[in-house]
$ cat final.cif   # mmCIF, C-alpha atoms; chains and numbers go by the auth columns
data_coords
#
loop_
_atom_site.group_PDB
_atom_site.id
_atom_site.type_symbol
_atom_site.label_atom_id
_atom_site.label_comp_id
_atom_site.label_asym_id
_atom_site.label_seq_id
_atom_site.Cartn_x
_atom_site.Cartn_y
_atom_site.Cartn_z
_atom_site.B_iso_or_equiv
_atom_site.auth_seq_id
_atom_site.auth_asym_id
ATOM 1 C CA MET A 1 44.666 -61.921 204.167 0.00 149 A
ATOM 2 C CA GLY A 2 47.909 -61.112 205.935 0.00 150 A
ATOM 3 C CA TYR A 3 50.904 -63.282 206.569 0.00 151 A
ATOM 4 C CA THR A 4 53.343 -62.856 209.411 0.00 152 A
ATOM 5 C CA LEU A 5 56.735 -64.471 209.457 0.00 153 A
ATOM 6 C CA GLN A 6 57.815 -65.961 212.743 0.00 154 A
ATOM 7 C CA PHE A 7 61.488 -66.602 213.318 0.00 155 A
ATOM 8 C CA GLY A 8 61.261 -67.630 216.954 0.00 156 A
ATOM 9 C CA TRP A 9 62.341 -71.178 216.128 0.00 157 A
ATOM 10 C CA LEU A 10 65.558 -69.995 214.442 0.00 158 A
ATOM 11 C CA GLY A 11 67.486 -69.153 217.617 0.00 159 A
ATOM 12 C CA PRO A 12 67.299 -72.615 219.195 0.00 160 A
ATOM 13 C CA ALA A 13 67.951 -74.281 215.822 0.00 161 A
ATOM 14 C CA LEU A 14 71.153 -72.361 215.003 0.00 162 A
ATOM 15 C CA GLY A 15 73.351 -75.109 216.450 0.00 163 A
ATOM 16 C CA ALA A 16 71.764 -77.771 214.261 0.00 164 A
ATOM 17 C CA ILE A 17 71.916 -75.521 211.210 0.00 165 A
ATOM 18 C CA ALA A 18 75.611 -74.782 211.805 0.00 166 A
ATOM 19 C CA GLN A 19 76.344 -78.481 212.323 0.00 167 A
ATOM 20 C CA GLY A 20 74.566 -79.334 209.070 0.00 168 A
ATOM 21 C CA ALA A 21 76.459 -76.613 207.196 0.00 169 A
ATOM 22 C CA GLY A 22 79.759 -77.895 208.605 0.00 170 A
ATOM 23 C CA MET A 23 78.956 -81.467 207.547 0.00 171 A
ATOM 24 C CA THR A 24 77.977 -80.257 204.071 0.00 172 A
ATOM 25 C CA ILE A 25 81.306 -78.439 203.657 0.00 173 A
ATOM 26 C CA PHE A 26 83.179 -81.513 204.925 0.00 174 A
ATOM 27 C CA LEU A 27 81.377 -83.789 202.446 0.00 175 A
ATOM 28 C CA ILE A 28 82.070 -81.368 199.591 0.00 176 A
ATOM 29 C CA ALA A 29 85.790 -81.359 200.456 0.00 177 A
ATOM 30 C CA VAL A 30 86.012 -85.155 200.736 0.00 178 A
ATOM 31 C CA THR A 31 84.131 -85.859 197.514 0.00 179 A
ATOM 32 C CA THR A 32 86.149 -83.225 195.639 0.00 180 A
ATOM 33 C CA VAL A 33 89.429 -84.828 196.684 0.00 181 A
ATOM 34 C CA LEU A 34 88.205 -88.381 196.005 0.00 182 A
ATOM 35 C CA GLY A 35 86.706 -87.392 192.665 0.00 183 A
ATOM 36 C CA THR A 36 89.930 -85.714 191.578 0.00 184 A
ATOM 37 C CA VAL A 37 92.047 -88.694 192.623 0.00 185 A
ATOM 38 C CA LEU A 38 89.735 -91.173 190.880 0.00 186 A
ATOM 39 C CA SER A 39 89.559 -89.107 187.701 0.00 187 A
ATOM 40 C CA VAL A 40 93.347 -88.754 187.506 0.00 188 A
ATOM 41 C CA ALA A 41 93.711 -92.499 188.094 0.00 189 A
ATOM 42 C CA GLY A 42 91.100 -93.185 185.399 0.00 190 A
ATOM 43 C CA ALA A 43 92.857 -90.894 182.932 0.00 191 A
ATOM 44 C CA ALA A 44 96.169 -92.602 183.661 0.00 192 A
ATOM 45 C CA ALA A 45 94.516 -96.008 183.187 0.00 193 A
ATOM 46 C CA LYS A 46 92.996 -94.831 179.898 0.00 194 A
ATOM 47 C CA ARG A 47 96.475 -93.945 178.630 0.00 195 A
ATOM 48 C CA SER A 48 98.005 -97.154 179.991 0.00 196 A
ATOM 49 C CA ARG A 49 99.790 -99.669 177.814 0.00 197 A
ATOM 50 C CA PHE A 50 97.705 -102.474 179.329 0.00 198 A
ATOM 51 C CA THR A 51 94.873 -103.268 176.934 0.00 199 A
ATOM 52 C CA LEU A 52 92.598 -104.875 179.518 0.00 200 A
ATOM 53 C CA LEU A 53 92.863 -101.840 181.791 0.00 201 A
ATOM 54 C CA ARG A 54 92.123 -99.433 178.928 0.00 202 A
ATOM 55 C CA GLN A 55 89.108 -101.484 177.880 0.00 203 A
ATOM 56 C CA ALA A 56 87.767 -101.645 181.433 0.00 204 A
ATOM 57 C CA VAL A 57 87.998 -97.860 181.825 0.00 205 A
ATOM 58 C CA SER A 58 86.447 -97.313 178.393 0.00 206 A
ATOM 59 C CA ALA A 59 83.555 -99.647 179.270 0.00 207 A
ATOM 60 C CA TYR A 60 82.972 -97.803 182.552 0.00 208 A
ATOM 61 C CA VAL A 61 82.997 -94.405 180.823 0.00 209 A
ATOM 62 C CA GLU A 62 80.537 -95.577 178.168 0.00 210 A
ATOM 63 C CA LEU A 63 78.278 -97.097 180.823 0.00 211 A
ATOM 64 C CA VAL A 64 78.156 -93.823 182.745 0.00 212 A
ATOM 65 C CA ARG A 65 77.683 -91.753 179.581 0.00 213 A
ATOM 66 C CA ASN A 66 74.742 -93.870 178.432 0.00 214 A
ATOM 67 C CA THR A 67 72.952 -93.892 181.777 0.00 215 A
ATOM 68 C CA PRO A 68 70.437 -91.118 182.472 0.00 216 A
ATOM 69 C CA PHE A 69 71.568 -88.764 185.227 0.00 217 A
ATOM 70 C CA LEU A 70 68.475 -89.421 187.310 0.00 218 A
ATOM 71 C CA VAL A 71 69.277 -93.146 187.348 0.00 219 A
ATOM 72 C CA GLN A 72 72.824 -92.354 188.478 0.00 220 A
ATOM 73 C CA LEU A 73 71.473 -90.259 191.349 0.00 221 A
ATOM 74 C CA PHE A 74 69.446 -93.196 192.626 0.00 222 A
#

$ encode --input "final.cif" --output "structure tokens"
Amino acid sequence: MGYTLQFGWLGPALGAIAQGAGMTIFLIAVTTVLGTVLSVAGAAAKRSRFTLLRQAVSAYVELVRNTPFLVQLF
């Protein structure tokens, strides 16, 4: 029972693979920047003197903490 690996399909698919890798890197960069900006804004809101804003951020944090990760992915 022998297996042979065939990589003949890889040459024509390199363009699509490179495009997918480029899009993945772009999405990582965008979500990193947006996540950092949103987290800094949330931390500033949490330390705000406005009670309603602090409570809204606290409610959001507790909602996310108490939600299973798999539910958040969906």

$ atom_distance --input "final.cif" --atom1 "atom CA of A:Thr180" --atom2 "atom CA of A:Val205"
20.2 Å

$ atom_distance --input "final.cif" --atom1 "atom CA of A:Gln220" --atom2 "atom CA of A:Tyr208"
13.0 Å

$ atom_distance --input "final.cif" --atom1 "atom CA of A:Lys194" --atom2 "atom CA of A:Glu210"
12.6 Å

$ residues_around --input "final.cif" --residues "A:Ala193" --least-positions-apart "5" --cutoff "12 Å" --atoms "all atoms listed in the file" --output "list in words"
Leu186, Ser187, Val188, Phe198, Thr199, Leu200, Leu201, Arg202, Gln203, Ala204, Val205, Ser206, Tyr208 and Val209 of chain A

$ axis_aligned_box --input "final.cif" --around "stretch 154-157 of chain A" --padding-each-side "5 Å" --output "JSON"
{"center_x": 60.1, "center_y": -68.6, "center_z": 214.8, "size_x": 14.5, "size_y": 15.2, "size_z": 14.2}

$ decode --input "final.cif" --residues "chain A" --atoms "C-alpha atoms" --output "PDB file, in the first residue's frame"
ATOM      1  CA  MET A 149       0.000   0.000   0.000  1.00  0.00           C
ATOM      2  CA  GLY A 150       2.037   2.935  -1.239  1.00  0.00           C
ATOM      3  CA  TYR A 151       1.158   6.580  -1.376  1.00  0.00           C
ATOM      4  CA  THR A 152       2.600   9.081  -3.800  1.00  0.00           C
ATOM      5  CA  LEU A 153       2.351  12.796  -3.297  1.00  0.00           C
ATOM      6  CA  GLN A 154       1.537  14.831  -6.361  1.00  0.00           C
ATOM      7  CA  PHE A 155       2.325  18.520  -6.343  1.00  0.00           C
ATOM      8  CA  GLY A 156       1.477  19.237  -9.962  1.00  0.00           C
ATOM      9  CA  TRP A 157      -1.463  21.422  -8.950  1.00  0.00           C
ATOM     10  CA  LEU A 158       0.731  23.678  -6.785  1.00  0.00           C
ATOM     11  CA  GLY A 159       2.389  25.607  -9.621  1.00  0.00           C
ATOM     12  CA  PRO A 160      -0.811  26.958 -11.185  1.00  0.00           C
ATOM     13  CA  ALA A 161      -2.295  27.670  -7.739  1.00  0.00           C
ATOM     14  CA  LEU A 162       0.623  29.768  -6.438  1.00  0.00           C
ATOM     15  CA  GLY A 163      -1.044  33.019  -7.500  1.00  0.00           C
ATOM     16  CA  ALA A 164      -4.213  32.228  -5.571  1.00  0.00           C
ATOM     17  CA  ILE A 165      -2.228  31.075  -2.550  1.00  0.00           C
ATOM     18  CA  ALA A 166      -0.151  34.275  -2.558  1.00  0.00           C
ATOM     19  CA  GLN A 167      -3.288  36.398  -2.928  1.00  0.00           C
ATOM     20  CA  GLY A 168      -4.905  34.600   0.009  1.00  0.00           C
ATOM     21  CA  ALA A 169      -1.781  35.044   2.139  1.00  0.00           C
ATOM     22  CA  GLY A 170      -1.682  38.755   1.280  1.00  0.00           C
ATOM     23  CA  MET A 171      -5.349  39.188   2.222  1.00  0.00           C
ATOM     24  CA  THR A 172      -4.768  37.322   5.491  1.00  0.00           C
ATOM     25  CA  ILE A 173      -1.878  39.635   6.413  1.00  0.00           C
ATOM     26  CA  PHE A 174      -3.976  42.682   5.479  1.00  0.00           C
ATOM     27  CA  LEU A 175      -6.882  41.507   7.658  1.00  0.00           C
ATOM     28  CA  ILE A 176      -4.528  40.816  10.569  1.00  0.00           C
ATOM     29  CA  ALA A 177      -3.106  44.351  10.303  1.00  0.00           C
ATOM     30  CA  VAL A 178      -6.533  46.006  10.089  1.00  0.00           C
ATOM     31  CA  THR A 179      -8.047  44.063  12.978  1.00  0.00           C
ATOM     32  CA  THR A 180      -4.958  44.653  15.129  1.00  0.00           C
ATOM     33  CA  VAL A 181      -5.184  48.410  14.627  1.00  0.00           C
ATOM     34  CA  LEU A 182      -8.969  48.507  15.130  1.00  0.00           C
ATOM     35  CA  GLY A 183      -8.777  46.268  18.183  1.00  0.00           C
ATOM     36  CA  THR A 184      -6.090  48.436  19.755  1.00  0.00           C
ATOM     37  CA  VAL A 185      -8.023  51.640  19.079  1.00  0.00           C
ATOM     38  CA  LEU A 186     -11.266  50.182  20.452  1.00  0.00           C
ATOM     39  CA  SER A 187      -9.579  48.778  23.548  1.00  0.00           C
ATOM     40  CA  VAL A 188      -7.867  52.088  24.337  1.00  0.00           C
ATOM     41  CA  ALA A 189     -11.180  53.901  23.840  1.00  0.00           C
ATOM     42  CA  GLY A 190     -12.918  51.362  26.093  1.00  0.00           C
ATOM     43  CA  ALA A 191     -10.274  51.751  28.791  1.00  0.00           C
ATOM     44  CA  ALA A 192     -10.602  55.529  28.607  1.00  0.00           C
ATOM     45  CA  ALA A 193     -14.397  55.210  28.837  1.00  0.00           C
ATOM     46  CA  LYS A 194     -14.037  52.888  31.837  1.00  0.00           C
ATOM     47  CA  ARG A 195     -12.000  55.558  33.633  1.00  0.00           C
ATOM     48  CA  SER A 196     -14.345  58.355  32.553  1.00  0.00           C
ATOM     49  CA  ARG A 197     -16.137  60.600  35.003  1.00  0.00           C
ATOM     50  CA  PHE A 198     -19.429  59.958  33.197  1.00  0.00           C
ATOM     51  CA  THR A 199     -21.333  57.301  35.119  1.00  0.00           C
ATOM     52  CA  LEU A 200     -23.527  56.200  32.219  1.00  0.00           C
ATOM     53  CA  LEU A 201     -20.493  55.655  29.995  1.00  0.00           C
ATOM     54  CA  ARG A 202     -18.680  53.654  32.688  1.00  0.00           C
ATOM     55  CA  GLN A 203     -21.749  51.497  33.261  1.00  0.00           C
ATOM     56  CA  ALA A 204     -22.206  50.858  29.542  1.00  0.00           C
ATOM     57  CA  VAL A 205     -18.587  49.723  29.164  1.00  0.00           C
ATOM     58  CA  SER A 206     -18.830  47.585  32.305  1.00  0.00           C
ATOM     59  CA  ALA A 207     -22.014  45.934  30.997  1.00  0.00           C
ATOM     60  CA  TYR A 208     -20.346  45.205  27.651  1.00  0.00           C
ATOM     61  CA  VAL A 209     -17.272  43.707  29.339  1.00  0.00           C
ATOM     62  CA  GLU A 210     -19.405  41.492  31.580  1.00  0.00           C
ATOM     63  CA  LEU A 211     -21.508  40.383  28.612  1.00  0.00           C
ATOM     64  CA  VAL A 212     -18.413  39.342  26.671  1.00  0.00           C
ATOM     65  CA  ARG A 213     -16.831  37.667  29.706  1.00  0.00           C
ATOM     66  CA  ASN A 214     -19.938  35.586  30.390  1.00  0.00           C
ATOM     67  CA  THR A 215     -20.442  34.455  26.805  1.00  0.00           C
ATOM     68  CA  PRO A 216     -18.756  31.222  25.701  1.00  0.00           C
ATOM     69  CA  PHE A 217     -16.010  31.796  23.144  1.00  0.00           C
ATOM     70  CA  LEU A 218     -17.650  29.517  20.602  1.00  0.00           C
ATOM     71  CA  VAL A 219     -20.811  31.642  20.718  1.00  0.00           C
ATOM     72  CA  GLN A 220     -18.711  34.766  20.157  1.00  0.00           C
ATOM     73  CA  LEU A 221     -17.113  33.179  17.094  1.00  0.00           C
ATOM     74  CA  PHE A 222     -20.519  32.604  15.534  1.00  0.00           C
TER      75      PHE A 222
END
